[in-house]
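Data file: model_17.cif. Format and content: mmCIF, C-alpha atoms and all ligand atoms.
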```
data_start
#
loop_
_atom_site.label_atom_id
_atom_site.label_comp_id
_atom_site.auth_asym_id
_atom_site.auth_seq_id
_atom_site.Cartn_x
_atom_site.Cartn_y
_atom_site.Cartn_z
CA MET R 1 8.29 1.33 -25.80
CA THR R 2 5.85 2.96 -23.42
CA LYS R 3 4.46 5.26 -26.09
CA GLN R 4 4.01 2.30 -28.39
CA ILE R 5 1.78 0.57 -25.83
CA ALA R 6 -0.35 3.69 -25.57
CA SER R 7 -0.75 4.11 -29.31
CA ASP R 8 -1.58 0.44 -30.02
CA ALA R 9 -5.19 -0.68 -29.80
CA ALA R 10 -5.90 -0.78 -26.07
CA ALA R 11 -5.78 -4.19 -24.46
CA SER R 12 -8.93 -5.32 -22.71
CA CYS R 13 -8.89 -5.18 -18.92
CA PHE R 14 -10.25 -8.73 -19.08
CA SER R 15 -7.30 -10.07 -21.08
CA ALA R 16 -4.45 -11.95 -19.42
CA ALA R 17 -1.12 -10.18 -18.91
CA ASN R 18 2.31 -11.05 -17.65
CA ILE R 19 4.57 -9.49 -15.05
CA ASN R 20 8.06 -10.99 -14.79
CA GLY R 21 6.88 -14.45 -15.79
CA LEU R 22 3.67 -14.42 -13.76
CA THR R 23 0.45 -14.51 -15.77
CA LEU R 24 -2.55 -12.69 -14.34
CA LYS R 25 -5.86 -13.79 -15.83
CA ASN R 26 -7.11 -10.19 -16.05
CA ARG R 27 -5.83 -6.72 -15.12
CA PHE R 28 -7.49 -6.38 -11.71
CA ILE R 29 -5.40 -6.50 -8.55
CA LYS R 30 -6.82 -5.91 -5.08
CA ALA R 31 -5.04 -2.87 -3.57
CA GLY R 32 -3.43 -3.50 -0.18
CA THR R 33 -5.94 -2.45 2.48
CA PHE R 34 -4.83 -3.48 5.95
CA GLU R 35 -7.68 -5.80 6.87
CA ASN R 36 -7.33 -5.90 10.68
CA MET R 37 -8.27 -9.57 10.52
CA THR R 38 -5.12 -10.85 12.18
CA PRO R 39 -5.78 -10.64 15.94
CA ASN R 40 -2.44 -10.67 17.75
CA GLY R 41 -0.82 -10.87 14.34
CA VAL R 42 -2.19 -14.29 13.41
CA PRO R 43 -4.06 -14.81 10.10
CA GLY R 44 -7.16 -16.97 10.37
CA ASP R 45 -10.62 -17.75 9.01
CA ARG R 46 -11.83 -14.16 8.79
CA LEU R 47 -8.96 -13.07 6.57
CA GLN R 48 -9.45 -16.21 4.49
CA ARG R 49 -13.16 -15.46 3.97
CA PHE R 50 -12.42 -11.84 3.04
CA HIS R 51 -9.92 -12.74 0.32
CA GLY R 52 -11.91 -15.82 -0.68
CA GLU R 53 -14.88 -13.63 -1.54
CA LEU R 54 -12.65 -11.43 -3.70
CA ALA R 55 -11.21 -14.51 -5.37
CA ASP R 56 -14.69 -15.77 -6.20
CA GLY R 57 -15.51 -12.30 -7.58
CA GLY R 58 -12.90 -12.72 -10.32
CA ILE R 59 -9.87 -10.75 -9.15
CA ALA R 60 -6.64 -11.90 -10.85
CA MET R 61 -4.43 -11.19 -7.83
CA THR R 62 -5.32 -10.18 -4.31
CA THR R 63 -2.94 -8.41 -1.93
CA LEU R 64 -2.57 -9.08 1.77
CA GLY R 65 -2.31 -5.55 3.14
CA TYR R 66 0.56 -4.47 5.32
CA CYS R 67 2.63 -7.57 6.05
CA ALA R 68 5.22 -6.09 8.41
CA VAL R 69 8.73 -7.33 7.73
CA GLU R 70 9.56 -7.55 11.44
CA ASN R 71 7.87 -7.06 14.80
CA ASP R 72 9.14 -3.49 15.13
CA GLY R 73 7.78 -2.66 11.68
CA ARG R 74 4.18 -3.03 12.87
CA LEU R 75 1.90 -0.09 13.50
CA ASN R 76 0.13 -2.07 16.18
CA GLU R 77 0.24 -5.55 17.69
CA ASN R 78 -2.71 -6.81 15.62
CA MET R 79 -0.70 -6.60 12.43
CA MET R 80 1.04 -9.67 11.06
CA TYR R 81 4.78 -9.73 10.95
CA MET R 82 6.60 -12.24 8.86
CA HIS R 83 7.97 -15.05 11.02
CA GLU R 84 7.85 -18.83 11.37
CA GLY R 85 5.09 -18.67 14.00
CA ILE R 86 2.47 -17.97 11.28
CA ARG R 87 3.85 -20.23 8.53
CA VAL R 88 1.08 -22.84 8.79
CA GLN R 89 -1.81 -20.34 8.79
CA LEU R 90 -0.36 -18.20 6.00
CA SER R 91 0.50 -21.15 3.74
CA SER R 92 -2.99 -22.57 4.16
CA LEU R 93 -4.66 -19.21 3.37
CA ILE R 94 -2.58 -18.77 0.22
CA ALA R 95 -3.15 -22.38 -0.89
CA ASP R 96 -6.91 -21.86 -0.51
CA LEU R 97 -6.79 -18.73 -2.68
CA HIS R 98 -4.72 -20.56 -5.30
CA GLN R 99 -7.39 -23.25 -5.42
CA ARG R 100 -9.91 -20.50 -6.16
CA ASP R 101 -7.79 -19.46 -9.16
CA THR R 102 -6.43 -16.25 -7.63
CA LEU R 103 -2.82 -15.17 -7.23
CA VAL R 104 -1.63 -13.62 -3.98
CA SER R 105 0.71 -10.70 -3.42
CA GLY R 106 2.00 -9.56 -0.03
CA GLN R 107 2.57 -5.92 0.81
CA MET R 108 5.89 -5.60 2.64
CA GLY R 109 5.65 -2.80 5.19
CA HIS R 110 7.73 -1.21 7.91
CA SER R 111 6.30 1.63 9.96
CA GLY R 112 9.69 3.19 10.81
CA GLY R 113 9.26 5.95 13.37
CA PHE R 114 5.44 5.88 13.28
CA SER R 115 4.04 3.21 15.58
CA LYS R 116 1.80 2.43 18.52
CA ASN R 117 2.96 -1.16 18.78
CA ARG R 118 2.99 -2.05 22.48
CA GLN R 119 5.21 -5.04 21.75
CA LEU R 120 8.03 -2.92 20.36
CA SER R 121 11.42 -4.37 21.30
CA ARG R 122 12.72 -0.92 22.30
CA ARG R 123 11.46 2.17 24.10
CA ARG R 124 10.81 4.18 20.95
CA PRO R 125 10.33 3.30 17.28
CA LEU R 126 13.16 4.13 14.88
CA GLY R 127 12.97 6.45 11.88
CA PRO R 128 15.52 8.29 9.78
CA SER R 129 15.71 11.16 12.29
CA PHE R 130 14.59 12.01 15.80
CA GLY R 131 11.04 13.36 15.72
CA VAL R 132 7.48 13.15 16.99
CA ASN R 133 5.73 9.78 16.76
CA GLY R 134 2.18 11.09 16.24
CA LEU R 135 0.60 7.67 16.40
CA GLY R 136 2.19 6.55 19.68
CA ILE R 137 1.18 9.44 21.92
CA ALA R 138 -1.58 7.52 23.75
CA GLN R 139 0.92 4.72 24.40
CA GLY R 140 3.45 7.17 25.88
CA MET R 141 5.74 6.75 22.84
CA PHE R 142 5.89 10.45 22.02
CA PHE R 143 9.04 10.37 19.94
CA CYS R 144 10.99 8.26 17.50
CA ASP R 145 14.76 7.94 17.51
CA ALA R 146 17.16 8.19 14.57
CA MET R 147 18.45 4.93 13.17
CA SER R 148 22.18 4.23 13.44
CA LEU R 149 24.05 2.78 10.45
CA SER R 150 23.79 -0.67 12.00
CA ASP R 151 20.01 -0.19 12.51
CA ILE R 152 19.82 0.57 8.78
CA ASP R 153 21.75 -2.61 7.93
CA ALA R 154 19.41 -4.56 10.24
CA MET R 155 16.35 -3.14 8.48
CA VAL R 156 17.69 -4.22 5.09
CA SER R 157 18.27 -7.72 6.49
CA SER R 158 14.70 -7.80 7.88
CA TYR R 159 13.30 -7.13 4.40
CA ALA R 160 15.49 -9.87 2.91
CA ARG R 161 14.49 -12.38 5.61
CA ALA R 162 10.80 -11.52 5.21
CA ALA R 163 11.04 -11.88 1.41
CA ILE R 164 12.56 -15.37 1.70
CA PHE R 165 9.81 -16.35 4.15
CA MET R 166 7.04 -14.87 1.99
CA LYS R 167 8.21 -16.63 -1.14
CA SER R 168 8.47 -19.89 0.79
CA VAL R 169 4.86 -19.72 2.08
CA GLY R 170 3.53 -19.33 -1.46
CA PHE R 171 3.12 -15.64 -2.25
CA ASP R 172 3.19 -15.15 -6.04
CA ALA R 173 4.47 -11.57 -5.92
CA LEU R 174 5.64 -9.03 -3.36
CA GLU R 175 4.81 -5.35 -3.15
CA ILE R 176 7.34 -3.17 -1.33
CA HIS R 177 5.66 -0.21 0.33
CA PHE R 178 7.70 2.89 -0.54
CA GLY R 179 4.83 5.30 0.15
CA HIS R 180 2.17 6.61 2.54
CA GLY R 181 4.68 7.94 5.09
CA TYR R 182 5.87 4.56 6.34
CA GLY R 183 9.49 3.60 7.05
CA LEU R 184 11.02 3.73 3.56
CA CYS R 185 8.99 6.81 2.62
CA GLN R 186 10.28 8.52 5.78
CA PHE R 187 13.80 8.12 4.35
CA MET R 188 12.74 9.29 0.88
CA SER R 189 11.02 12.43 2.19
CA PRO R 190 13.02 15.61 2.89
CA LYS R 191 10.29 16.46 5.40
CA THR R 192 11.09 13.55 7.70
CA ASN R 193 14.68 12.72 6.74
CA LYS R 194 17.03 15.26 8.31
CA ARG R 195 20.11 13.05 8.29
CA LYS R 196 23.52 14.51 7.57
CA ASP R 197 25.13 11.24 6.48
CA GLU R 198 24.98 9.32 3.18
CA TYR R 199 21.30 8.44 3.84
CA GLY R 200 20.09 12.05 3.96
CA GLY R 201 20.28 15.24 1.90
CA SER R 202 20.15 14.73 -1.88
CA LEU R 203 17.51 12.52 -3.52
CA GLU R 204 20.30 10.08 -4.33
CA ASN R 205 21.14 9.81 -0.62
CA ARG R 206 17.51 9.63 0.52
CA MET R 207 16.93 6.81 -1.97
CA ARG R 208 19.94 4.84 -0.72
CA LEU R 209 18.00 2.78 1.84
CA PRO R 210 14.93 2.12 -0.38
CA LEU R 211 17.23 0.98 -3.20
CA ARG R 212 19.26 -1.20 -0.81
CA VAL R 213 15.99 -2.78 0.31
CA LEU R 214 14.91 -3.40 -3.28
CA ALA R 215 18.30 -4.99 -4.08
CA ALA R 216 18.17 -7.17 -0.96
CA VAL R 217 14.61 -8.32 -1.67
CA ARG R 218 15.51 -9.03 -5.29
CA GLU R 219 18.50 -11.10 -4.20
CA ALA R 220 16.30 -12.95 -1.72
CA VAL R 221 13.58 -13.92 -4.22
CA GLY R 222 15.68 -14.24 -7.39
CA LYS R 223 15.41 -12.50 -10.73
CA ASP R 224 12.31 -14.37 -11.93
CA PHE R 225 9.95 -13.30 -9.16
CA PRO R 226 7.59 -10.29 -9.56
CA LEU R 227 8.39 -7.32 -7.36
CA LEU R 228 6.07 -4.34 -7.26
CA GLY R 229 6.62 -1.02 -5.49
CA LYS R 230 3.94 1.35 -4.20
CA ILE R 231 4.96 5.00 -4.06
CA SER R 232 3.36 8.25 -2.98
CA MET R 233 3.63 10.61 -5.93
CA THR R 234 3.09 13.49 -3.52
CA GLU R 235 3.01 13.71 0.24
CA GLY R 236 0.87 16.82 -0.04
CA VAL R 237 2.82 18.77 2.58
CA ARG R 238 5.21 21.67 2.31
CA GLY R 239 8.80 20.42 2.33
CA GLY R 240 7.74 16.87 1.44
CA LEU R 241 7.87 14.81 -1.76
CA HIS R 242 5.99 16.15 -4.76
CA TYR R 243 5.00 14.97 -8.21
CA ASP R 244 8.28 15.98 -9.89
CA ASP R 245 10.25 13.96 -7.31
CA ALA R 246 8.02 10.97 -8.03
CA VAL R 247 9.12 10.89 -11.67
CA GLU R 248 12.79 10.74 -10.59
CA ILE R 249 12.04 8.17 -7.88
CA SER R 250 10.21 5.98 -10.38
CA LYS R 251 13.12 6.12 -12.82
CA LEU R 252 15.49 5.01 -10.06
CA LEU R 253 13.23 2.10 -9.07
CA ASP R 254 12.83 1.13 -12.73
CA GLN R 255 16.60 1.17 -13.32
CA ALA R 256 17.08 -0.88 -10.15
CA GLY R 257 14.90 -3.66 -11.53
CA ILE R 258 11.44 -3.20 -10.06
CA ASP R 259 8.85 -5.04 -12.18
CA GLY R 260 5.91 -2.71 -11.58
CA ILE R 261 5.16 0.66 -9.97
CA ILE R 262 1.91 1.51 -8.20
CA THR R 263 1.30 5.24 -8.18
CA SER R 264 -0.52 6.31 -5.04
CA GLY R 265 -0.22 9.52 -3.04
CA GLY R 266 -0.52 11.05 0.41
CA THR R 267 0.76 9.86 3.77
CA SER R 268 -1.03 8.24 6.68
CA THR R 269 1.15 10.39 8.91
CA MET R 270 0.62 13.90 7.53
CA ASN R 271 -1.98 14.13 4.77
CA PRO R 272 -4.00 10.95 4.25
CA MET R 273 -6.98 12.44 2.41
CA ILE R 274 -5.02 12.88 -0.85
CA MET R 275 -4.87 9.08 -0.97
CA PHE R 276 -8.60 8.48 -0.52
CA ARG R 277 -10.48 11.56 -1.82
CA GLY R 278 -14.15 11.84 -0.96
CA GLY R 279 -15.78 11.97 2.48
CA ASN R 280 -13.51 13.33 5.20
CA ILE R 281 -12.38 10.59 7.59
CA LEU R 282 -11.98 12.87 10.61
CA PRO R 283 -15.55 12.51 12.01
CA GLY R 284 -15.33 8.71 11.72
CA MET R 285 -11.95 8.66 13.43
CA LEU R 286 -13.26 10.77 16.30
CA LYS R 287 -16.08 8.25 16.74
CA THR R 288 -13.88 5.14 16.74
CA GLU R 289 -10.64 6.34 18.37
CA PRO R 290 -10.49 4.58 21.75
CA SER R 291 -7.91 6.88 23.37
CA ARG R 292 -9.16 10.11 24.99
CA ILE R 293 -5.79 11.81 24.46
CA MET R 294 -5.80 10.92 20.77
CA ARG R 295 -9.37 12.21 20.43
CA MET R 296 -8.27 15.52 21.99
CA ILE R 297 -5.34 15.75 19.57
CA LEU R 298 -7.58 14.90 16.63
CA ARG R 299 -10.03 17.61 17.65
CA ALA R 300 -7.25 20.18 17.96
CA ALA R 301 -5.11 19.29 14.94
CA GLY R 302 -7.45 17.19 12.82
CA LYS R 303 -8.65 19.93 10.48
CA SER R 304 -5.13 20.73 9.28
CA MET R 305 -4.21 17.07 8.84
CA PHE R 306 -7.47 15.81 7.31
CA LYS R 307 -8.01 18.32 4.52
CA ASP R 308 -10.95 18.11 2.14
CA TYR R 309 -10.26 16.59 -1.27
CA PRO R 310 -13.53 16.05 -3.12
CA TYR R 311 -13.80 12.77 -4.97
CA LYS R 312 -13.01 12.75 -8.67
CA GLU R 313 -12.90 9.59 -10.75
CA LEU R 314 -9.28 8.61 -11.65
CA TYR R 315 -7.88 11.37 -9.47
CA PHE R 316 -4.24 10.33 -9.95
CA LEU R 317 -4.46 9.78 -13.70
CA GLU R 318 -2.64 12.85 -15.03
CA GLN R 319 0.31 12.49 -12.66
CA ALA R 320 0.50 8.70 -13.08
CA LYS R 321 0.66 9.19 -16.86
CA ARG R 322 3.87 11.22 -16.40
CA ILE R 323 5.41 8.20 -14.74
CA ARG R 324 4.02 5.89 -17.43
CA GLU R 325 5.99 7.98 -19.93
CA ALA R 326 9.18 7.91 -17.85
CA VAL R 327 9.61 4.20 -17.09
CA SER R 328 9.64 0.93 -18.99
CA CYS R 329 8.48 -1.37 -16.17
CA LYS R 330 4.82 -2.30 -15.76
CA MET R 331 2.50 0.38 -14.42
CA ILE R 332 -0.26 -0.31 -11.97
CA TYR R 333 -2.84 2.45 -11.55
CA VAL R 334 -4.52 3.05 -8.18
CA GLY R 335 -6.89 5.78 -7.01
CA GLY R 336 -10.57 6.20 -7.82
CA ALA R 337 -11.03 3.61 -10.55
CA SER R 338 -14.59 2.45 -10.10
CA THR R 339 -16.37 2.26 -13.45
CA ARG R 340 -16.03 0.15 -16.56
CA ALA R 341 -15.41 3.36 -18.54
CA SER R 342 -12.46 4.17 -16.24
CA PHE R 343 -10.99 0.69 -16.62
CA ASP R 344 -11.11 1.05 -20.41
CA GLN R 345 -9.59 4.53 -20.19
CA LEU R 346 -6.68 3.22 -18.10
CA MET R 347 -5.98 0.46 -20.59
CA ALA R 348 -6.05 3.01 -23.43
CA ALA R 349 -3.57 5.17 -21.50
CA GLY R 350 -1.06 2.31 -21.38
CA PHE R 351 -1.45 1.10 -17.81
CA ASP R 352 -0.86 -2.62 -17.43
CA PHE R 353 -2.87 -3.36 -14.31
CA ILE R 354 -5.45 -1.64 -12.11
CA GLN R 355 -5.46 -1.82 -8.33
CA LEU R 356 -8.81 -1.41 -6.64
CA GLY R 357 -9.38 -0.62 -2.97
CA ARG R 358 -12.77 0.70 -1.94
CA SER R 359 -14.71 -0.42 -5.00
CA LEU R 360 -13.87 -4.00 -4.09
CA LEU R 361 -15.00 -3.45 -0.50
CA SER R 362 -18.39 -2.31 -1.78
CA ASP R 363 -18.48 -4.77 -4.72
CA PRO R 364 -16.28 -7.82 -4.13
CA ASP R 365 -17.55 -9.37 -7.39
CA LEU R 366 -16.55 -6.30 -9.41
CA PRO R 367 -14.32 -8.03 -12.02
CA ASN R 368 -16.99 -10.62 -12.89
CA ARG R 369 -19.75 -8.02 -13.04
CA ALA R 370 -17.78 -5.43 -15.01
CA GLN R 371 -17.03 -8.08 -17.62
CA THR R 372 -20.69 -8.65 -18.39
CA GLU R 373 -22.03 -5.12 -17.75
CA LYS R 374 -20.55 -2.60 -20.20
CA GLY R 375 -21.96 0.34 -18.21
CA PHE R 376 -20.75 -1.02 -14.87
CA VAL R 377 -20.44 1.53 -12.05
CA SER R 378 -19.33 0.42 -8.59
CA ARG R 379 -21.75 1.12 -5.74
CA CYS R 380 -18.98 2.82 -3.71
CA THR R 381 -20.02 6.35 -2.76
CA HIS R 382 -16.53 7.28 -1.53
CA CYS R 383 -17.96 8.19 1.86
CA ASN R 384 -14.75 6.69 3.33
CA GLU R 385 -16.47 5.21 6.36
CA CYS R 386 -14.63 1.96 5.65
CA VAL R 387 -11.39 3.76 6.53
CA SER R 388 -12.65 4.23 10.08
CA THR R 389 -13.36 0.49 10.33
CA ILE R 390 -9.63 -0.16 10.16
CA GLU R 391 -9.54 -0.75 13.93
CA SER R 392 -12.94 -2.42 14.12
CA PRO R 393 -13.05 -5.88 15.77
CA GLN R 394 -14.85 -7.12 12.65
CA GLY R 395 -12.02 -5.89 10.45
CA ILE R 396 -12.44 -3.52 7.51
CA HIS R 397 -15.76 -3.52 5.75
CA CYS R 398 -18.04 -1.36 3.66
CA THR R 399 -20.53 0.23 6.03
CA GLN R 400 -23.00 1.02 3.21
CA PHE R 401 -23.66 -2.27 1.40
C1 LIG M 501 -9.80 0.58 4.66
C2 LIG M 501 -8.58 0.91 3.87
C3 LIG M 501 -7.33 0.44 4.29
C4 LIG M 501 -6.19 0.72 3.56
N1 LIG M 501 -4.98 0.19 3.96
C5 LIG M 501 -3.90 0.33 3.15
C6 LIG M 501 -2.70 -0.40 3.41
O1 LIG M 501 -2.60 -1.21 4.35
N2 LIG M 501 -1.67 -0.20 2.56
C7 LIG M 501 -1.74 0.65 1.50
O2 LIG M 501 -0.76 0.79 0.76
N3 LIG M 501 -2.85 1.33 1.22
C8 LIG M 501 -3.94 1.17 2.00
N4 LIG M 501 -5.11 1.78 1.66
C9 LIG M 501 -5.16 2.62 0.43
C10 LIG M 501 -5.56 1.78 -0.79
O3 LIG M 501 -4.65 0.77 -1.08
C11 LIG M 501 -5.70 2.67 -2.04
O4 LIG M 501 -4.43 3.23 -2.32
C12 LIG M 501 -6.74 3.78 -1.85
O5 LIG M 501 -7.89 3.29 -1.19
C13 LIG M 501 -7.16 4.40 -3.19
O6 LIG M 501 -7.68 3.42 -4.04
P1 LIG M 501 -9.30 3.25 -4.29
O7 LIG M 501 -9.79 4.55 -4.83
O8 LIG M 501 -9.39 2.13 -5.30
O9 LIG M 501 -9.90 2.92 -2.98
C14 LIG M 501 -6.28 1.51 2.39
C15 LIG M 501 -7.52 1.98 1.96
C16 LIG M 501 -8.66 1.67 2.68
C17 LIG M 501 -9.98 2.17 2.17
S1 LIG M 502 -17.79 2.51 3.19
FE1 LIG M 502 -18.38 1.47 1.31
S2 LIG M 502 -19.31 3.08 0.06
FE2 LIG M 502 -18.15 4.12 1.66
S3 LIG M 502 -16.12 4.46 0.73
FE3 LIG M 502 -16.00 2.53 1.83
S4 LIG M 502 -16.45 0.98 0.30
FE4 LIG M 502 -17.15 2.94 -0.52
#
```
Hey, can you dump this file as structure tokens for me?
Amino acid sequence: MTKQIASDAAASCFSAANINGLTLKNRFIKAGTFENMTPNGVPGDRLQRFHGELADGGIAMTTLGYCAVENDGRLNENMMYMHEGIRVQLSSLIADLHQRDTLVSGQMGHSGGFSKNRQLSRRRPLGPSFGVNGLGIAQGMFFCDAMSLSDIDAMVSSYARAAIFMKSVGFDALEIHFGHGYGLCQFMSPKTNKRKDEYGGSLENRMRLPLRVLAAVREAVGKDFPLLGKISMTEGVRGGLHYDDAVEISKLLDQAGIDGIITSGGTSTMNPMIMFRGGNILPGMLKTEPSRIMRMILRAAGKSMFKDYPYKELYFLEQAKRIREAVSCKMIYVGGASTRASFDQLMAAGFDFIQLGRSLLSDPDLPNRAQTEKGFVSRCTHCNECVSTIESPQGIHCTQF
């Protein structure tokens, strides 16, 4: 089936397409980029304006980045977590975007053992195994603890509860974050999962929690609701997940009923630059990091964590194609798609949708413009300065345009 899509005349990226009963008016989806526009975890006007501008620019579906499934799944206290206290604000934001003819997906995240959330309900965050919590050092949370079996059950329930809430406030689709070194990825990775029980060891065991989460979310939203999953095809570290694992992981998610797979890479925890490619984010982080201790750590260890990966258009294409060949669910490409020629190439290669991150920060009207300009090239220079705005009081923004 997959090969047939690729050999047929390529669909236009401006044509409508369906994912589990949901029709998107074109193939462009905003990639989840944590906006930092939810002070104290509450969505408001700024977040509405940000997504409203994207809606007016022609995107078929926008994604609210990093919606934590519970308080302890937040990286910091300015992230939203899914609970009744924000129902009114979230419903109104989504209703406004619907009125602007744009669908809304929510990225379901849990930070696991990687957190600097001062409002954590316990002394240390919980991950698959005891380890260092690199993000929490300035907050005195040097380590994370290993989850017990009942902690694992509680995490599955949190995903299910969040999914019910998110569907009820009007989200059109949900994207489960299986990548970038966050909670579920920590279980999937042999680098961070050292468990000796049925949740650690073989790939089958390491996938047990992610697949339980997928099943619980599916049960919560029903069979006719689109569920996407974002994976890291490689963590880019010795002893971590690599491209061959990603093919097996994708097959398991496909068999378990995911509707679409988003093929990213890298981890925020160990090797983030694989994800972004282009300008190194270390100098920007040194400039904006408020904690002196963290700045010292970044100076000492930054070079090994923030490696140089020069920008290349469609940098994940070859590896994502391997997954395209291996699964029958929809495929959503992400990573360095910023020209009309690239969009056409992705359609010809059999991808169903295209997620865009930075090129929508620099050009929020990209879908409308690319439709009329055949030679469209986004203004994004891949300097990656926007990544350092992730903790800015203004929220994320392109610093160049
Ligand atoms: C400022 C910024 C914030 C991001 N935050 C998230 C996030 O919350 N969740 C996520 O999965 N990816 C996040 N990403 C990664 C993007 O979703 C995307 O995978 C990456 O930027 C590559 O796509 P691009 O080349 O279209 O930008 C972020 C990227 C940027 C630039
Ligand atoms: S700051 Fe602007 S130009 Fe630089 S990578 Fe981000 S979106 Fe692109």
- Query: Any idea what's packed within 10 Å of Ile152 of chain R, counting all atoms listed in the file, ignoring anything in its chain fewer than 2 positions away? Could you give it as a ChimeraX atom specification?
  - Reply: /R:126-128,146-150,154-158,199,209,212-213
- Task: Using only C-alpha atoms and all ligand atoms, find each protein or nucleic acid residue lying at most 7 Å from ligand LIG 502 (chain M); present the set as a PyMOL selection string.
- Result: chain R and resi 358-359+361-362+379-387+397-401
- Task: Kindly compile the residues surrounding ligand LIG 501 (chain M) within 6 Å, counting all atoms listed in the file, and format them as a PyMOL selection string.
- Result: chain R and resi 31-34+65-66+264+275-276+334-337+356-359+386-387+390+396
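Taking atom CA of Gly58 of chain R as the reference point, atom CA of Gln89 of chain R is found at 23.4 Å.
For the residues R:Gly112, R:Pro43, R:Gly236, R:Gly279, ranking by smallest atom-to-atom distance to Met305 of chain R using all atoms listed in the file places R:Gly236 first.
The spacing separating atom CA of Phe343 of chain R from atom CA of Ser378 of chain R amounts to 11.6 Å.
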- Message: Given the point (9.2, 9.8, 12.4) in the coordinates of this file, which residues lie within 6 Å, counting all atoms listed in the file, and how would they look as a VMD selection string?
- Response: chain R and resid 113 to 114 127 131 to 133 144
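When atom CA of Leu22 of chain R is paired with atom CA of Gly266 of chain R, their separation reads 29.4 Å.
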Show me, as a compact mmCIF listing (two decimals) with C-alpha atoms, in the coordinates of the input, the residues that have an atom within 8 Å of Gly240 of chain R when counting only C-alpha atoms, minus same-chain residues fewer than 5 positions from it.
```txt
# COMPACT_ATOMS: atom_id res chain seq x y z
CA SER R 189 11.02 12.43 2.19
CA PRO R 190 13.02 15.61 2.89
CA LYS R 191 10.29 16.46 5.40
CA THR R 192 11.09 13.55 7.70
CA THR R 234 3.09 13.49 -3.52
CA GLU R 235 3.01 13.71 0.24
```
Could you build a table of the residues in segment 145-216 of chain R lying no more than 7 Å from segment 91-101 of chain R, giving for each the nearest pair of atoms and their separation in Å rounded to one decimal place, using all atoms listed in the file, ordered by chain and ascending residue number, as CSV?
```
residue,atom,partner,partner_atom,distance
R:Val169,CA,R:Ser91,CA,4.9
R:Gly170,CA,R:Ser91,CA,6.3
R:Phe171,CA,R:Ile94,CA,7.0
```
- Query: Asp244 of chain R: which residues within 9 Å, counting all atoms listed in the file, same-chain residues fewer than 4 positions away excluded, as a PyMOL selection string?
  - Reply: chain R and resi 233-234+248-249
- Can you work out which one of R:Leu120, R:Leu314, R:Met331, R:Met141 has the shortest atom-to-atom distance to Gln345 of chain R, counting only C-alpha atoms? R:Leu314
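Counting all atoms listed in the file and comparing R:Ser388, R:Ser115, R:Thr339, R:Thr372, the residue that lies closest to Asp145 of chain R is R:Ser115.
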- Message: Using only C-alpha atoms for the distances, tell me which of R:Ile176, R:Asp151, R:Lys321, R:Ser291 is nearest to Lys116 of chain R.
- Response: R:Ser291
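For the set R:Met108, R:Ile297, R:Ile19, R:Leu211, the residue with the smallest atom-to-atom gap to Glu70 of chain R is R:Met108, counting all atoms listed in the file.
The shortest atom-to-atom distance to His180 of chain R, with all atoms listed in the file taken into account, belongs to R:Leu241 out of R:Ala162, R:Leu47, R:Val104, R:Leu241.
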Around segment 245-250 of chain R, fit a box with edges along x, y and z, padding it by 6 Å on each side, then list its centre and edge lengths in Å to one decimal as JSON.
```
{"center_x": 10.4, "center_y": 10.0, "center_z": -9.5, "size_x": 16.8, "size_y": 20.0, "size_z": 16.4}
```
- Query: How would you write as number ranges by chain the residues that get within 12 Å of (-0.6, -11.8, -17.1) in the file's frame, counting only C-alpha atoms?
  - Reply: R: 11-29, 60-61, 102-103, 226, 330, 352-353
- Item | 12 Å contact set for Asn76 of chain R, all atoms listed in the file, chain neighbours under 5 positions out, as a ChimeraX atom specification | /R:34,36,38-41,66-68,70-71,81,110-111,114-120,125,135-136,139,390-391
Working from the structure I just supplied, which lacks atoms in segment 277-284 of chain R, can you model N, CA and C atoms there and output them as a short mmCIF file (atom, residue, chain, number, x, y, z; two decimals), in the frame of the given file?
```
data_model
loop_
_atom_site.label_atom_id
_atom_site.label_comp_id
_atom_site.auth_asym_id
_atom_site.auth_seq_id
_atom_site.Cartn_x
_atom_site.Cartn_y
_atom_site.Cartn_z
N ARG R 277 -9.53 10.63 -1.18
CA ARG R 277 -10.48 11.56 -1.82
C ARG R 277 -11.93 11.15 -1.51
N GLY R 278 -12.75 12.12 -1.28
CA GLY R 278 -14.15 11.84 -0.96
C GLY R 278 -14.44 12.29 0.45
N GLY R 279 -15.35 11.58 1.14
CA GLY R 279 -15.78 11.97 2.48
C GLY R 279 -14.60 12.08 3.44
N ASN R 280 -14.60 13.14 4.25
CA ASN R 280 -13.51 13.33 5.20
C ASN R 280 -13.56 12.26 6.29
N ILE R 281 -12.39 11.70 6.63
CA ILE R 281 -12.38 10.59 7.59
C ILE R 281 -12.29 11.07 9.04
N LEU R 282 -12.15 12.38 9.24
CA LEU R 282 -11.98 12.87 10.61
C LEU R 282 -13.18 12.55 11.52
N PRO R 283 -14.44 12.82 11.11
CA PRO R 283 -15.55 12.51 12.01
C PRO R 283 -15.59 11.03 12.40
N GLY R 284 -15.33 10.15 11.44
CA GLY R 284 -15.33 8.71 11.72
C GLY R 284 -14.23 8.34 12.69
#
```
